[in-house]
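Data from data.cif: mmCIF, C-alpha atoms and all ligand atoms
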data_coords
loop_
_atom_site.label_atom_id
_atom_site.label_comp_id
_atom_site.auth_asym_id
_atom_site.auth_seq_id
_atom_site.Cartn_x
_atom_site.Cartn_y
_atom_site.Cartn_z
CA MET G 162 -19.73 27.68 12.09
CA SER G 163 -18.10 30.85 13.32
CA GLY G 164 -21.16 32.78 14.49
CA ASN G 165 -21.32 35.44 11.82
CA GLU G 166 -22.95 33.23 9.17
CA MET G 167 -26.51 34.12 10.26
CA THR G 168 -25.84 37.81 9.60
CA TYR G 169 -25.08 37.07 5.95
CA ILE G 170 -27.90 34.54 5.63
CA GLN G 171 -30.34 37.05 7.12
CA ASP G 172 -29.12 39.61 4.61
CA ALA G 173 -29.78 37.19 1.75
CA PHE G 174 -33.32 36.65 3.06
CA ASP G 175 -33.94 40.35 3.74
CA THR G 176 -32.90 41.29 0.22
CA ASN G 177 -34.66 38.21 -1.24
CA TRP G 178 -31.56 36.94 -3.05
CA ILE G 179 -32.30 33.22 -2.62
CA ALA G 180 -30.80 32.15 -5.93
CA PRO G 181 -27.62 30.87 -7.53
CA LEU G 182 -26.71 34.49 -8.11
CA GLY G 183 -26.56 37.60 -5.99
CA PRO G 184 -24.33 39.99 -4.09
CA HIS G 185 -22.90 37.39 -1.68
CA VAL G 186 -21.72 35.25 -4.61
CA ASP G 187 -19.94 38.21 -6.18
CA ALA G 188 -18.45 39.30 -2.86
CA PHE G 189 -17.35 35.78 -1.88
CA GLU G 190 -15.59 35.39 -5.23
CA LYS G 191 -13.77 38.71 -4.82
CA GLU G 192 -12.83 38.04 -1.20
CA LEU G 193 -11.49 34.56 -1.89
CA ALA G 194 -9.57 35.71 -5.00
CA SER G 195 -7.99 38.47 -2.96
CA TYR G 196 -7.17 36.11 -0.07
CA VAL G 197 -5.30 33.66 -2.32
CA GLY G 198 -3.83 36.39 -4.51
CA VAL G 199 -5.35 35.55 -7.91
CA ASN G 200 -7.20 37.77 -10.36
CA ASP G 201 -10.53 36.01 -10.33
CA ALA G 202 -12.64 33.26 -8.77
CA ALA G 203 -15.91 31.55 -9.75
CA ALA G 204 -18.12 30.13 -6.98
CA VAL G 205 -19.62 26.74 -7.84
CA SER G 206 -21.61 23.95 -6.25
CA SER G 207 -18.64 21.73 -5.33
CA GLY G 208 -14.91 21.20 -5.69
CA THR G 209 -15.67 18.35 -8.08
CA ALA G 210 -17.70 20.74 -10.27
CA ALA G 211 -14.74 23.15 -10.28
CA ILE G 212 -12.39 20.41 -11.54
CA HIS G 213 -14.95 19.38 -14.17
CA LEU G 214 -15.23 22.97 -15.43
CA ALA G 215 -11.43 23.39 -15.51
CA LEU G 216 -11.09 20.25 -17.63
CA ARG G 217 -13.86 21.43 -19.97
CA LEU G 218 -12.10 24.79 -20.39
CA LEU G 219 -8.94 22.90 -21.32
CA ASP G 220 -10.96 21.09 -23.97
CA VAL G 221 -10.54 17.63 -22.45
CA LYS G 222 -12.66 15.15 -24.36
CA SER G 223 -13.13 11.52 -25.24
CA GLY G 224 -9.87 9.77 -26.03
CA ASP G 225 -7.67 12.34 -24.23
CA ILE G 226 -5.40 11.57 -21.31
CA VAL G 227 -5.04 13.61 -18.11
CA PHE G 228 -2.34 13.06 -15.50
CA CYS G 229 -3.46 13.04 -11.86
CA SER G 230 -1.94 12.40 -8.42
CA SER G 231 -2.72 8.87 -7.31
CA LEU G 232 -2.80 9.42 -3.55
CA THR G 233 -6.01 11.45 -3.29
CA PHE G 234 -9.76 11.35 -2.89
CA VAL G 235 -11.62 9.96 -5.90
CA ALA G 236 -13.15 13.38 -6.68
CA SER G 237 -9.79 14.55 -8.09
CA ALA G 238 -10.08 12.09 -10.98
CA ASN G 239 -13.80 11.47 -11.49
CA PRO G 240 -14.29 14.53 -13.75
CA ILE G 241 -11.65 13.11 -16.15
CA VAL G 242 -13.97 10.15 -16.63
CA TYR G 243 -17.08 12.38 -16.91
CA LEU G 244 -15.49 13.75 -20.07
CA GLY G 245 -14.64 10.36 -21.52
CA ALA G 246 -10.90 10.88 -21.07
CA SER G 247 -8.50 8.49 -19.32
CA PRO G 248 -6.50 9.25 -16.19
CA VAL G 249 -2.81 8.39 -15.88
CA PHE G 250 -1.88 8.22 -12.22
CA ILE G 251 1.35 9.63 -10.82
CA ASP G 252 2.89 8.37 -7.58
CA SER G 253 3.85 10.44 -4.52
CA GLU G 254 7.32 11.30 -3.24
CA PRO G 255 8.21 10.97 0.45
CA GLU G 256 8.89 14.63 1.35
CA THR G 257 5.37 15.96 0.72
CA TRP G 258 3.38 12.74 0.08
CA ASN G 259 2.30 14.53 -3.11
CA MET G 260 3.05 14.15 -6.83
CA SER G 261 6.56 12.89 -7.50
CA PRO G 262 8.25 15.24 -10.02
CA GLN G 263 10.46 12.35 -11.04
CA ALA G 264 7.49 10.07 -11.81
CA LEU G 265 5.76 12.95 -13.60
CA GLU G 266 8.78 13.50 -15.83
CA HIS G 267 8.99 9.79 -16.59
CA ALA G 268 5.30 9.72 -17.55
CA LEU G 269 5.73 12.78 -19.78
CA TYR G 270 8.68 11.26 -21.64
CA ASP G 271 6.60 8.15 -22.28
CA ALA G 272 3.72 10.33 -23.48
CA ILE G 273 6.05 12.02 -25.95
CA GLN G 274 7.18 8.61 -27.24
CA ASP G 275 3.52 7.67 -27.70
CA LYS G 276 2.91 11.03 -29.42
CA LYS G 277 0.04 11.69 -27.02
CA LEU G 278 0.63 14.39 -24.43
CA PRO G 279 -1.81 14.86 -21.53
CA LYS G 280 -4.29 17.73 -21.86
CA ALA G 281 -3.72 18.66 -18.20
CA VAL G 282 -1.95 17.64 -15.01
CA ILE G 283 -4.07 17.59 -11.83
CA VAL G 284 -1.77 18.15 -8.85
CA VAL G 285 -3.23 17.48 -5.40
CA ASN G 286 -2.06 19.07 -2.14
CA LEU G 287 -2.80 16.34 0.34
CA TYR G 288 -4.07 17.06 3.87
CA GLY G 289 -2.99 20.70 3.46
CA GLN G 290 0.60 20.06 2.40
CA SER G 291 1.62 21.69 -0.88
CA ALA G 292 3.23 19.55 -3.56
CA LYS G 293 6.72 20.48 -4.87
CA MET G 294 5.28 23.18 -7.11
CA ASP G 295 8.57 24.66 -8.40
CA GLU G 296 9.66 21.33 -9.83
CA ILE G 297 6.22 20.38 -11.12
CA VAL G 298 5.58 23.77 -12.74
CA ALA G 299 9.03 23.66 -14.42
CA ILE G 300 8.40 20.20 -15.88
CA CYS G 301 4.91 21.11 -17.12
CA GLN G 302 6.14 24.38 -18.63
CA LYS G 303 8.82 22.54 -20.55
CA PHE G 304 6.09 20.57 -22.32
CA ASN G 305 3.50 23.34 -22.24
CA ILE G 306 0.98 21.29 -20.22
CA PRO G 307 -1.52 23.26 -18.11
CA ILE G 308 -1.78 22.51 -14.40
CA ILE G 309 -5.00 22.24 -12.40
CA GLU G 310 -4.10 22.55 -8.74
CA ASP G 311 -6.51 20.56 -6.58
CA ALA G 312 -6.29 22.61 -3.39
CA ALA G 313 -9.55 21.25 -1.95
CA GLU G 314 -7.68 20.32 1.23
CA SER G 315 -5.11 23.12 1.29
CA LEU G 316 -6.98 26.42 1.47
CA GLY G 317 -4.95 28.59 3.85
CA SER G 318 -1.66 26.80 3.11
CA THR G 319 1.31 28.43 1.40
CA TYR G 320 4.26 27.40 -0.75
CA LYS G 321 7.22 29.82 -0.64
CA GLY G 322 4.89 32.56 0.61
CA LYS G 323 2.30 32.10 -2.14
CA ALA G 324 -1.14 30.61 -1.57
CA SER G 325 -1.62 26.94 -2.29
CA GLY G 326 -4.00 26.66 -5.23
CA SER G 327 -2.61 29.71 -7.04
CA PHE G 328 0.16 27.99 -9.03
CA GLY G 329 -1.66 26.38 -11.93
CA LYS G 330 -3.61 27.78 -14.85
CA PHE G 331 -6.56 26.81 -12.65
CA GLY G 332 -6.89 26.12 -8.94
CA ILE G 333 -9.84 24.59 -7.15
CA TYR G 334 -11.08 24.71 -3.55
CA SER G 335 -13.84 22.80 -1.79
CA PHE G 336 -16.24 23.94 0.92
CA ASN G 337 -17.68 20.52 1.62
CA GLY G 338 -18.72 19.83 5.22
CA ASN G 339 -15.43 18.17 6.12
CA LYS G 340 -13.07 20.83 4.72
CA ILE G 341 -11.26 23.54 6.71
CA ILE G 342 -14.04 26.02 5.94
CA SER G 343 -17.46 24.96 4.73
CA THR G 344 -20.59 26.29 3.08
CA SER G 345 -22.22 22.86 3.72
CA GLY G 346 -21.34 22.14 0.10
CA GLY G 347 -19.58 24.26 -2.49
CA GLY G 348 -16.40 24.96 -4.37
CA MET G 349 -14.37 27.64 -6.10
CA LEU G 350 -12.50 27.72 -9.38
CA VAL G 351 -9.69 30.29 -9.44
CA SER G 352 -7.43 31.60 -12.17
CA ASN G 353 -5.44 34.65 -13.18
CA GLU G 354 -7.25 34.51 -16.51
CA GLY G 355 -10.55 36.28 -15.94
CA GLU G 356 -11.78 35.50 -19.46
CA GLU G 357 -11.50 31.78 -18.72
CA LEU G 358 -13.55 32.18 -15.57
CA ASN G 359 -16.25 34.05 -17.46
CA LYS G 360 -16.46 31.00 -19.71
CA ALA G 361 -16.66 28.84 -16.57
CA ARG G 362 -19.58 30.91 -15.26
CA PHE G 363 -21.28 30.53 -18.63
CA LEU G 364 -20.84 26.74 -18.64
CA ALA G 365 -21.95 26.58 -15.00
CA THR G 366 -25.31 28.22 -15.82
CA GLN G 367 -26.43 25.82 -18.58
CA ALA G 368 -24.36 27.59 -21.25
CA ARG G 369 -27.19 29.90 -22.13
CA ASP G 370 -26.34 32.02 -25.16
CA TYR G 371 -26.75 35.79 -25.06
CA ALA G 372 -30.33 35.83 -26.30
CA ALA G 373 -33.72 36.20 -24.65
CA HIS G 374 -35.18 33.03 -26.19
CA TYR G 375 -33.23 30.28 -24.35
CA GLN G 376 -30.73 29.42 -27.02
CA HIS G 377 -27.91 26.95 -26.41
CA SER G 378 -25.02 26.09 -28.66
CA GLN G 379 -22.90 24.25 -26.09
CA MET G 380 -23.55 21.67 -23.39
CA GLY G 381 -23.53 23.27 -19.96
CA TYR G 382 -24.11 22.41 -16.31
CA ASN G 383 -26.07 23.64 -13.33
CA TYR G 384 -23.02 24.29 -11.17
CA ARG G 385 -23.32 27.76 -9.61
CA MET G 386 -23.24 28.37 -5.87
CA SER G 387 -26.35 29.84 -4.27
CA ASN G 388 -26.33 33.31 -2.76
CA VAL G 389 -27.33 31.88 0.65
CA LEU G 390 -24.36 29.49 0.75
CA ALA G 391 -21.99 32.19 -0.50
CA GLY G 392 -23.09 34.21 2.55
CA ILE G 393 -21.98 31.35 4.78
CA GLY G 394 -18.71 31.21 2.84
CA ARG G 395 -17.98 34.88 3.49
CA ALA G 396 -18.35 34.42 7.24
CA GLN G 397 -16.23 31.27 7.08
CA LEU G 398 -13.46 33.02 5.17
CA GLU G 399 -13.23 35.55 8.01
CA VAL G 400 -12.17 32.76 10.40
CA LEU G 401 -9.93 30.79 8.03
CA GLU G 402 -6.70 32.04 9.60
CA GLU G 403 -7.97 31.06 13.06
CA ARG G 404 -8.88 27.64 11.74
CA VAL G 405 -5.39 27.14 10.32
CA SER G 406 -3.83 28.16 13.64
CA ALA G 407 -6.14 25.80 15.52
CA ARG G 408 -5.34 22.87 13.22
CA ARG G 409 -1.63 23.56 13.41
CA ALA G 410 -1.82 23.69 17.21
CA ILE G 411 -3.59 20.32 17.22
CA PHE G 412 -0.89 18.89 14.97
CA ASN G 413 1.86 20.28 17.22
CA LYS G 414 0.25 18.79 20.31
CA TYR G 415 0.14 15.34 18.67
CA VAL G 416 3.79 15.72 17.71
CA GLN G 417 4.78 16.82 21.20
CA GLU G 418 3.08 13.81 22.80
CA LEU G 419 3.72 11.11 20.21
CA ALA G 420 6.69 11.95 17.97
CA HIS G 421 9.18 10.20 20.26
CA VAL G 422 7.22 6.93 20.15
CA PRO G 423 9.15 4.32 18.12
CA GLY G 424 7.38 3.54 14.86
CA ILE G 425 5.40 6.81 14.63
CA THR G 426 6.41 9.36 11.96
CA PHE G 427 4.32 12.43 11.27
CA MET G 428 3.57 13.72 7.78
CA PRO G 429 6.44 16.06 6.92
CA GLU G 430 6.17 19.75 6.10
CA LEU G 431 8.38 20.77 3.20
CA PRO G 432 10.73 23.68 4.08
CA GLU G 433 9.35 27.04 2.90
CA THR G 434 5.80 25.70 2.95
CA ARG G 435 3.11 26.16 5.56
CA SER G 436 0.52 23.44 5.75
CA ASN G 437 -2.93 24.20 7.12
CA ARG G 438 -2.66 20.72 8.71
CA TRP G 439 -6.24 20.05 7.67
CA LEU G 440 -5.75 16.55 9.01
CA THR G 441 -2.96 15.31 11.23
CA ALA G 442 -1.56 12.34 9.31
CA LEU G 443 1.18 9.94 10.34
CA THR G 444 2.71 6.62 9.42
CA LEU G 445 2.98 3.66 11.73
CA ASP G 446 5.78 1.15 11.30
CA GLU G 447 4.18 -2.04 12.51
CA ARG G 448 7.46 -3.78 13.34
CA GLU G 449 8.77 -0.91 15.43
CA ALA G 450 5.46 0.01 17.07
CA GLY G 451 4.31 -3.56 17.62
CA ILE G 452 0.82 -2.76 16.35
CA SER G 453 -0.73 -2.58 12.89
CA VAL G 454 -2.64 0.40 11.53
CA GLU G 455 -5.82 -1.70 11.50
CA ALA G 456 -5.38 -2.74 15.13
CA LEU G 457 -4.74 0.84 16.22
CA LEU G 458 -7.77 2.10 14.30
CA SER G 459 -9.97 -0.47 16.00
CA ALA G 460 -8.50 0.29 19.44
CA LEU G 461 -9.44 3.93 18.83
CA ALA G 462 -12.89 2.96 17.52
CA GLU G 463 -13.49 0.96 20.72
CA GLN G 464 -13.07 4.22 22.64
CA ASN G 465 -15.49 5.91 20.24
CA ILE G 466 -12.63 7.80 18.55
CA GLU G 467 -12.93 8.11 14.80
CA ALA G 468 -9.60 7.88 12.99
CA ARG G 469 -9.16 6.93 9.35
CA PRO G 470 -6.65 5.33 7.01
CA VAL G 471 -5.13 7.64 4.39
CA TRP G 472 -6.78 7.80 0.95
CA LYS G 473 -6.54 4.55 -0.96
CA PRO G 474 -4.43 5.39 -4.04
CA LEU G 475 -6.56 5.73 -7.15
CA HIS G 476 -4.41 3.35 -9.21
CA MET G 477 -5.43 0.63 -6.72
CA GLN G 478 -9.16 1.34 -7.09
CA PRO G 479 -11.37 -1.15 -8.95
CA LEU G 480 -12.91 1.88 -10.72
CA PHE G 481 -9.59 2.67 -12.41
CA GLU G 482 -8.46 -0.86 -13.15
CA GLY G 483 -6.41 -0.87 -16.32
CA ASP G 484 -5.43 2.82 -16.15
CA LYS G 485 -1.71 3.60 -16.19
CA PHE G 486 0.35 4.37 -13.11
CA TYR G 487 3.89 5.73 -12.74
CA PRO G 488 5.66 4.84 -9.48
CA HIS G 489 8.21 7.17 -7.85
CA SER G 490 10.99 4.86 -9.09
CA ASP G 491 11.38 1.30 -10.32
CA ASN G 492 11.56 -0.06 -6.80
CA GLU G 493 9.71 2.59 -4.80
CA ASN G 494 5.94 2.84 -4.73
CA ILE G 495 5.41 5.65 -2.23
CA SER G 496 1.62 5.99 -2.38
CA GLU G 497 1.09 2.27 -1.74
CA GLN G 498 3.53 2.39 1.13
CA LEU G 499 1.74 5.42 2.63
CA PHE G 500 -1.59 3.65 2.19
CA LYS G 501 -0.29 0.62 4.08
CA MET G 502 1.26 2.62 6.91
CA GLY G 503 -0.73 5.85 7.11
CA LEU G 504 -3.56 7.08 9.29
CA CYS G 505 -5.33 10.36 10.02
CA LEU G 506 -6.15 11.40 13.56
CA PRO G 507 -9.12 13.49 14.73
CA SER G 508 -8.17 17.06 13.81
CA GLY G 509 -11.31 19.21 13.95
CA SER G 510 -10.60 22.88 14.66
CA SER G 511 -13.06 22.85 17.54
CA MET G 512 -11.69 19.73 19.25
CA SER G 513 -11.11 20.42 22.95
CA GLU G 514 -7.78 19.83 24.67
CA ASP G 515 -9.41 17.13 26.82
CA ASP G 516 -10.70 15.33 23.76
CA GLN G 517 -7.30 15.46 22.13
CA MET G 518 -5.63 14.12 25.29
CA ARG G 519 -8.09 11.24 25.27
CA VAL G 520 -6.99 10.37 21.70
CA ILE G 521 -3.32 10.66 22.65
CA GLU G 522 -3.70 8.50 25.75
CA CYS G 523 -5.61 5.87 23.83
CA ILE G 524 -2.78 5.66 21.27
CA GLN G 525 -0.10 5.54 23.98
CA GLU G 526 -1.94 2.80 25.86
CA SER G 527 -2.56 0.73 22.72
CA LEU G 528 1.12 0.86 21.85
CA ILE G 529 2.20 -0.09 25.38
CA LYS G 530 -0.26 -2.96 25.42
CA ALA G 531 0.95 -4.17 22.01
CA LYS G 532 4.56 -4.05 23.19
CA SER G 533 3.85 -6.01 26.37
CA ILE G 534 2.06 -8.72 24.40
CA SER G 535 4.87 -9.07 21.89
CA VAL G 536 7.59 -9.29 24.62
C1 LIG K 1 -13.01 17.12 -1.01
C2 LIG K 1 -12.10 16.95 -2.15
C3 LIG K 1 -12.52 17.18 -3.46
C4 LIG K 1 -13.95 17.41 -3.87
O1 LIG K 1 -14.58 18.47 -3.31
P1 LIG K 1 -16.19 18.46 -3.19
O2 LIG K 1 -16.51 19.86 -2.84
O3 LIG K 1 -16.54 17.48 -2.13
O4 LIG K 1 -16.72 18.07 -4.53
C5 LIG K 1 -11.57 17.11 -4.48
N1 LIG K 1 -10.31 16.80 -4.22
C6 LIG K 1 -9.87 16.55 -2.98
C7 LIG K 1 -8.43 16.24 -2.77
C8 LIG K 1 -10.75 16.59 -1.89
O5 LIG K 1 -10.31 16.30 -0.67
#

This entry written out as structure tokens:
Amino acid sequence: MSGNEMTYIQDAFDTNWIAPLGPHVDAFEKELASYVGVNDAAAVSSGTAAIHLALRLLDVKSGDIVFCSSLTFVASANPIVYLGASPVFIDSEPETWNMSPQALEHALYDAIQDKKLPKAVIVVNLYGQSAKMDEIVAICQKFNIPIIEDAAESLGSTYKGKASGSFGKFGIYSFNGNKIISTSGGGMLVSNEGEELNKARFLATQARDYAAHYQHSQMGYNYRMSNVLAGIGRAQLEVLEERVSARRAIFNKYVQELAHVPGITFMPELPETRSNRWLTALTLDEREAGISVEALLSALAEQNIEARPVWKPLHMQPLFEGDKFYPHSDNENISEQLFKMGLCLPSGSSMSEDDQMRVIECIQESLIKAKSISV
């Protein structure tokens, strides 16, 4: 927390707005919409809820298909299943680790052949890095398919000067505890189409018709953010830029100390994009480095340092067994390769320089040890 959260929380208590409604919710929506440069935003209980609402607004239902990045957290795709639709997973490309425009195009041509176009394409911006939005938007426009930009991890990032999350018909952000800013739990659905977001607010409050007697003609959800949490969000938004700078500095320090090590390659940053570097991610070439990802993760764990593999691609998940997947090319499966070789290092904005040096030294020592054993 930044320190200013209690001021807003106190205000919520003083004015007795302890509800999923209230002035902080309205203000948080306006402030976030203005920060990312979109017309409107709807504050909800989670990023997952925001994706679910976006899919509902696009009329996704049983029997439909929705395209989704494969290399992501399961929350990107779960709402497709909530609605009885089927995901089709799209591989990554090596320059952003995000959705491969080439695989997307391939999948769309197949969908045309099958006479069944996807109702939406969910594009994820992994670890803060924006996907190749120009290419992806152009392909989707050609076939008139709406984009939902899953920017849960990329709030504060930009693509060609424009905020990540502002490129699709809908964008979503998450304020879960692990994200770059947090309300303990929460999310935001953004769009330039204010009418759509009014419908989202309606669905997110049990779809209660305009009548005093509790009338409902549609199925809704209890998905609104509370006024107390929106207060936390407002204070967090004030420090977002600082957080991005801190995370980028952490990334740069890792690069400075480790980039020259044979076998280590850091997650790239596409030219004309600015990643918030939510997590510092890298790939480890076992043959060159002399150590496997697993062995390095356990060497770090032995020193009480928590590092993680990258997301396990969704097309490899038991949950999605049988769902379609389009690789980057016939002989390149980028997401599987990144899963085999990738790891995320401790990247918290408040990590001290000493702590980071301890992580760096542990990695350096593990690699030296591995080399001396293999010689
Ligand atoms: C965290 C995350 C979500 C879900 O957000 P919640 O607020 O936890 O529901 C969705 N997509 C991605 C890529 C995420 O990292």

Kindly compile the residues surrounding ligand LIG 1 (chain K) within 6 Å, counting all atoms listed in the file, and format them as a PDB file with C-alpha atoms, keeping the file's coordinate frame.
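Final file, pocket-v7.pdb:
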ATOM      1  CA  SER G 207     -18.640  21.730  -5.330  1.00  0.00           C
ATOM      2  CA  GLY G 208     -14.910  21.200  -5.690  1.00  0.00           C
ATOM      3  CA  THR G 209     -15.670  18.350  -8.080  1.00  0.00           C
ATOM      4  CA  THR G 233      -6.010  11.450  -3.290  1.00  0.00           C
ATOM      5  CA  PHE G 234      -9.760  11.350  -2.890  1.00  0.00           C
ATOM      6  CA  ALA G 236     -13.150  13.380  -6.680  1.00  0.00           C
ATOM      7  CA  SER G 237      -9.790  14.550  -8.090  1.00  0.00           C
ATOM      8  CA  VAL G 285      -3.230  17.480  -5.400  1.00  0.00           C
ATOM      9  CA  ASP G 311      -6.510  20.560  -6.580  1.00  0.00           C
ATOM     10  CA  ALA G 313      -9.550  21.250  -1.950  1.00  0.00           C
ATOM     11  CA  GLU G 314      -7.680  20.320   1.230  1.00  0.00           C
ATOM     12  CA  SER G 335     -13.840  22.800  -1.790  1.00  0.00           C
ATOM     13  CA  PHE G 336     -16.240  23.940   0.920  1.00  0.00           C
ATOM     14  CA  ASN G 337     -17.680  20.520   1.620  1.00  0.00           C
ATOM     15  CA  GLY G 347     -19.580  24.260  -2.490  1.00  0.00           C
ATOM     16  CA  GLY G 348     -16.400  24.960  -4.370  1.00  0.00           C
TER      17      GLY G 348
END

Which residues of stretch 291-343 of chain G have any atom within 7 Å of an atom in stretch 351-365 of chain G when counting all atoms listed in the file, and what is the closest pair of atoms for each, with the distance in Å to one decimal? Order the rows by chain and rising number and write it as CSV.
residue,atom,partner,partner_atom,distance
G:Lys330,CA,G:Ser352,CA,6.0
G:Phe331,CA,G:Ser352,CA,4.9
G:Gly332,CA,G:Val351,CA,5.0
G:Ile333,CA,G:Val351,CA,6.1

Using all atoms listed in the file: which of G:Met518, G:Cys523, G:Ala442, G:Leu398 has the shortest distance to G:Met162 = G:Leu398

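Neighbouring residues of G:Glu455 at 10 Å or closer, counting only C-alpha atoms and skipping chain neighbours under 5 positions away, are G:Ala460, G:Leu461, G:Arg469, G:Pro470, G:Lys501, G:Met502, G:Leu504.
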
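Using all atoms listed in the file for every distance, the candidate list G:Gly451, G:Ile241, G:Asn388, G:Gly329 yields G:Asn388 as the residue closest to G:Ala180.
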
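Using all atoms listed in the file, the nearest neighbour of G:Tyr334 within the list G:Tyr270, G:Val197, G:Glu463, G:His421 is G:Val197.
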
Extract, using all atoms listed in the file, all DNA, RNA and protein residues at most 8 Å from G:Ser247, discarding same-chain residues fewer than 2 positions from it, and format them as a ChimeraX atom specification.
-> /G:224-227,241-242,245,249,484

Could you take the residues named above and write them with C-alpha atoms, as a tab-separated table (two decimals), in the frame of the given file?
chain	number	residue	atom	x	y	z
G	224	GLY	CA	-9.87	9.77	-26.03
G	225	ASP	CA	-7.67	12.34	-24.23
G	226	ILE	CA	-5.40	11.57	-21.31
G	227	VAL	CA	-5.04	13.61	-18.11
G	241	ILE	CA	-11.65	13.11	-16.15
G	242	VAL	CA	-13.97	10.15	-16.63
G	245	GLY	CA	-14.64	10.36	-21.52
G	249	VAL	CA	-2.81	8.39	-15.88
G	484	ASP	CA	-5.43	2.82	-16.15

Please, what is the axis-aligned box for every listed atom of stretch 383-399 of chain G with 8 Å on each side, as centre and edge lengths in Å to one decimal, as AutoDock Vina command-line options?
--center_x -20.3 --center_y 29.6 --center_z -2.7 --size_x 30.1 --size_y 27.9 --size_z 37.3

Reconstructed stretch 514-528 of chain G, atom set N, CA and C atoms, as a short mmCIF file (atom, residue, chain, number, x, y, z; two decimals), in the frame of the given file:
data_model
loop_
_atom_site.label_atom_id
_atom_site.label_comp_id
_atom_site.auth_asym_id
_atom_site.auth_seq_id
_atom_site.Cartn_x
_atom_site.Cartn_y
_atom_site.Cartn_z
N GLU G 514 -9.06 20.39 24.24
CA GLU G 514 -7.78 19.83 24.67
C GLU G 514 -8.00 18.49 25.37
N ASP G 515 -9.09 18.40 26.14
CA ASP G 515 -9.41 17.13 26.82
C ASP G 515 -9.65 16.01 25.82
N ASP G 516 -10.41 16.33 24.79
CA ASP G 516 -10.70 15.33 23.76
C ASP G 516 -9.40 14.87 23.10
N GLN G 517 -8.55 15.83 22.80
CA GLN G 517 -7.30 15.46 22.13
C GLN G 517 -6.43 14.59 23.05
N MET G 518 -6.40 14.93 24.34
CA MET G 518 -5.63 14.12 25.29
C MET G 518 -6.16 12.70 25.36
N ARG G 519 -7.48 12.56 25.25
CA ARG G 519 -8.09 11.24 25.27
C ARG G 519 -7.60 10.41 24.06
N VAL G 520 -7.50 11.06 22.90
CA VAL G 520 -6.99 10.37 21.70
C VAL G 520 -5.53 9.96 21.92
N ILE G 521 -4.75 10.90 22.43
CA ILE G 521 -3.32 10.66 22.65
C ILE G 521 -3.11 9.52 23.64
N GLU G 522 -3.85 9.55 24.73
CA GLU G 522 -3.70 8.50 25.75
C GLU G 522 -4.11 7.14 25.21
N CYS G 523 -5.16 7.13 24.42
CA CYS G 523 -5.61 5.87 23.83
C CYS G 523 -4.52 5.28 22.93
N ILE G 524 -3.86 6.14 22.15
CA ILE G 524 -2.78 5.66 21.27
C ILE G 524 -1.61 5.15 22.12
N GLN G 525 -1.23 5.94 23.12
CA GLN G 525 -0.10 5.54 23.98
C GLN G 525 -0.39 4.19 24.64
N GLU G 526 -1.59 4.05 25.18
CA GLU G 526 -1.94 2.80 25.86
C GLU G 526 -1.96 1.61 24.90
N SER G 527 -2.51 1.82 23.71
CA SER G 527 -2.56 0.73 22.72
C SER G 527 -1.16 0.26 22.36
N LEU G 528 -0.24 1.22 22.23
CA LEU G 528 1.12 0.86 21.85
C LEU G 528 1.82 0.13 23.00
#
